[in-house]
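Chemist: Below you will find the structure I want to go over with you.
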Amino acid sequence: MTVGTIAQIILVMLLWAACFPLITVGIEFAPHLTFATLRAFLAGAALMIVALALRKPLPKSRRVWAMLAIVGAGATSLGFLGMFHAAEFVSPGIATVIANTQPLLAAGLAGIILKEQLTALGKTGLALGFLGILVITSPQILTGGQENYILGVVYIVLAALGVTVSNVVIKRIAGKVDALMAMGLQLLIGSIPLAVVAWATEEPTTIRWSLEFVSALLVLSLFGSALVYWLWFSVLERIPLNRANAFSFLIPIFGLTMGALFYGETLGWTQIVGIALAILGVALVTHRGTRSAKLAG
């Protein structure tokens, strides 16, 4: 893995970590799913405008279109639904732990569908990365006490499953369709179920338009969605999913760092230990932690 690729993946995880504060800002001004729908639609439209301006071709294969629909339903519809709703019912700590089962779930699915096999080193790395997340979030988990806890867990599990499936499918179509076109289409496709549910269960007209809301929406859409998905797709064109996905354990670390830098939050010894474990886990997976089907056989 080159330094440039590593830097690209780290940028993706940094942008994903920045999404959570922006979502917190936005849901103060708009209903949850209405906000999620606007995010998905604007991100998809931005990528499509760039793709069409550059004359990128539309997918021709029905199989590719079907896979893009799966990605849209998983990463955008289920992913955004879980992400935007879970905060109502589950503490950030528990949500972080459950969401970070995604690399573990993806490792199993990638082994079956993509024939990507983890070495003993890779399995150890994933285990250490997940243990690091548990340690980082342990103070929040131990407080507990949320109402409708099970519903919140369901939302997060749906999001994790949706992202897991979509990542495997993205890896399958990577290199077979233009990245801008593929990610623009999946975001637009995924925004449709969100819009239907938002229209049926919320009052979209109650959005309180303000400079703060518009700024959060635009940054979240253009950088936290459009740019992120394009970068992620291009990464998966070059390296195994498991190796790239291990960097997901860095997201909570970036979140803690942002909290310390911009909100005056302090890091305790549990967070420092957890950060060290997560970084060690990522290092083990990315350093000979995966092998191809040929090598595995």
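Labeling convention for the structure tokens: chains A, B, ... as they appear, residues from 1 per chain, ligands from 1 in order of appearance.
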Could you write out, as a PyMOL selection string, all the residues of segment 33-229 of chain A that DSSP marks as alpha helix (DSSP H)?

Modeler: chain A and resi 33-53+62-71+79-86+92-99+102-113+120-143+149-173+179-201+211-221+228-229

Chemist: List as a PyMOL selection string the protein and nucleic acid residues near segment 21-37 of chain A, meaning an atom at most 7 Å away when only C-alpha atoms are counted, but skip any in the same chain fewer than 2 places from it.

Modeler: chain A and resi 18-19+39-41+80-81+84-85+191+194-195+198+202+204+206-208+213+216-217+220

Chemist: Taking N, CA, C and O atoms for each residue, export the selection above as a compact mmCIF listing (two decimals), in the first residue's frame.

Modeler:
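For reference, selection.txt as written:
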```txt
# COMPACT_ATOMS: atom_id res chain seq x y z
N ALA A 18 -15.95 13.73 10.86
CA ALA A 18 -16.46 15.09 10.92
C ALA A 18 -17.96 15.16 10.66
O ALA A 18 -18.61 16.17 10.96
N CYS A 19 -18.52 14.08 10.10
CA CYS A 19 -19.96 14.07 9.80
C CYS A 19 -20.82 14.14 11.06
O CYS A 19 -21.88 14.77 11.06
N ARG A 39 -29.19 15.64 2.31
CA ARG A 39 -27.76 15.31 2.25
C ARG A 39 -27.47 14.37 1.09
O ARG A 39 -26.55 14.62 0.29
N ALA A 40 -28.23 13.29 0.99
CA ALA A 40 -28.00 12.30 -0.06
C ALA A 40 -28.24 12.88 -1.44
O ALA A 40 -27.46 12.66 -2.38
N PHE A 41 -29.34 13.63 -1.59
CA PHE A 41 -29.68 14.17 -2.91
C PHE A 41 -28.65 15.18 -3.39
O PHE A 41 -28.21 15.13 -4.54
N PHE A 80 -27.91 6.00 6.24
CA PHE A 80 -28.33 7.31 6.71
C PHE A 80 -29.50 7.20 7.70
O PHE A 80 -29.57 7.95 8.67
N LEU A 81 -30.42 6.28 7.43
CA LEU A 81 -31.55 6.08 8.34
C LEU A 81 -31.05 5.74 9.75
O LEU A 81 -31.47 6.34 10.74
N PHE A 84 -28.90 8.78 11.38
CA PHE A 84 -29.62 9.98 11.78
C PHE A 84 -30.61 9.71 12.91
O PHE A 84 -30.95 10.61 13.67
N HIS A 85 -31.11 8.47 13.02
CA HIS A 85 -32.13 8.17 14.03
C HIS A 85 -31.57 7.60 15.33
O HIS A 85 -32.17 7.78 16.39
N SER A 191 -31.45 8.08 -2.00
CA SER A 191 -32.23 9.19 -1.45
C SER A 191 -33.73 9.00 -1.65
O SER A 191 -34.54 9.60 -0.92
N LEU A 194 -35.45 7.28 1.33
CA LEU A 194 -35.40 8.23 2.43
C LEU A 194 -36.45 9.31 2.27
O LEU A 194 -37.13 9.69 3.24
N ALA A 195 -36.61 9.81 1.03
CA ALA A 195 -37.60 10.85 0.77
C ALA A 195 -39.01 10.34 1.01
O ALA A 195 -39.86 11.06 1.58
N ALA A 198 -39.50 9.98 4.77
CA ALA A 198 -39.53 11.31 5.38
C ALA A 198 -40.86 12.00 5.11
O ALA A 198 -41.45 12.62 6.01
N GLU A 202 -42.68 12.57 8.54
CA GLU A 202 -42.21 13.87 9.05
C GLU A 202 -42.92 15.02 8.35
O GLU A 202 -43.75 14.81 7.46
N PRO A 204 -41.57 17.85 6.26
CA PRO A 204 -40.39 18.48 5.63
C PRO A 204 -40.46 20.00 5.59
O PRO A 204 -39.41 20.66 5.56
N THR A 206 -41.14 21.93 7.86
CA THR A 206 -40.79 22.56 9.14
C THR A 206 -39.30 22.89 9.25
O THR A 206 -38.83 23.30 10.32
N ILE A 207 -38.55 22.70 8.19
CA ILE A 207 -37.12 23.05 8.21
C ILE A 207 -36.97 24.53 8.55
O ILE A 207 -37.65 25.39 7.99
N ARG A 208 -36.09 24.83 9.48
CA ARG A 208 -35.77 26.22 9.82
C ARG A 208 -34.49 26.60 9.08
O ARG A 208 -33.37 26.29 9.52
N PHE A 213 -27.62 26.12 9.33
CA PHE A 213 -28.14 24.86 8.77
C PHE A 213 -27.63 24.64 7.36
O PHE A 213 -27.19 23.54 7.00
N ALA A 216 -23.97 23.62 7.39
CA ALA A 216 -23.80 22.23 7.82
C ALA A 216 -24.23 21.27 6.72
O ALA A 216 -23.55 20.26 6.45
N LEU A 217 -25.34 21.57 6.06
CA LEU A 217 -25.86 20.71 5.00
C LEU A 217 -24.90 20.65 3.82
O LEU A 217 -24.62 19.56 3.29
N LEU A 220 -21.63 18.80 4.82
CA LEU A 220 -21.94 17.39 4.99
C LEU A 220 -22.19 16.71 3.65
O LEU A 220 -21.75 15.57 3.42
```

Chemist: Per DSSP on the backbone, filter segment 56-223 of chain A down to the residues in strand (DSSP E or B) and report them as an MDAnalysis selection string.

Modeler: chainID A and resid 117:118 174 177

Chemist: Restrict the selected residues to N, CA, C and O atoms and save them as a PDB file, in the first residue's frame.

Modeler:
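Result written to part15.pdb:
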```
ATOM      1  N   GLN A 117      -9.048 -13.356   2.157  1.00  0.00           N
ATOM      2  CA  GLN A 117      -8.820 -14.096   3.392  1.00  0.00           C
ATOM      3  C   GLN A 117      -7.917 -13.297   4.328  1.00  0.00           C
ATOM      4  O   GLN A 117      -6.928 -12.718   3.901  1.00  0.00           O
ATOM      5  N   LEU A 118      -8.284 -13.286   5.601  1.00  0.00           N
ATOM      6  CA  LEU A 118      -7.441 -12.642   6.598  1.00  0.00           C
ATOM      7  C   LEU A 118      -6.394 -13.625   7.102  1.00  0.00           C
ATOM      8  O   LEU A 118      -6.695 -14.786   7.358  1.00  0.00           O
ATOM      9  N   ALA A 174     -15.951  -2.088  -8.529  1.00  0.00           N
ATOM     10  CA  ALA A 174     -14.831  -1.160  -8.678  1.00  0.00           C
ATOM     11  C   ALA A 174     -14.011  -1.527  -9.911  1.00  0.00           C
ATOM     12  O   ALA A 174     -13.634  -2.675 -10.105  1.00  0.00           O
ATOM     13  N   VAL A 177     -17.017   0.510 -13.551  1.00  0.00           N
ATOM     14  CA  VAL A 177     -17.859   1.676 -13.783  1.00  0.00           C
ATOM     15  C   VAL A 177     -17.121   2.893 -13.247  1.00  0.00           C
ATOM     16  O   VAL A 177     -16.315   2.781 -12.320  1.00  0.00           O
TER      17      VAL A 177
END
```

Chemist: Give me, as number ranges by chain, all polymer residues having an atom no more than 12 Å from segment 157-163 of chain A, counting only C-alpha atoms and skipping those fewer than 6 positions away in the same chain.

Modeler: A: 69-86, 90, 94-106, 109, 150-151, 169-170, 190, 229, 245, 248

Chemist: Which residue out of A:Ala278, A:Leu241, A:Ala260, A:Val165 has the minimum interatomic distance to Leu68 of chain A when only C-alpha atoms are used?

Modeler: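 Going through A:Ala278, A:Leu241, A:Ala260, A:Val165 one by one, the smallest distance to Leu68 of chain A is for A:Val165.
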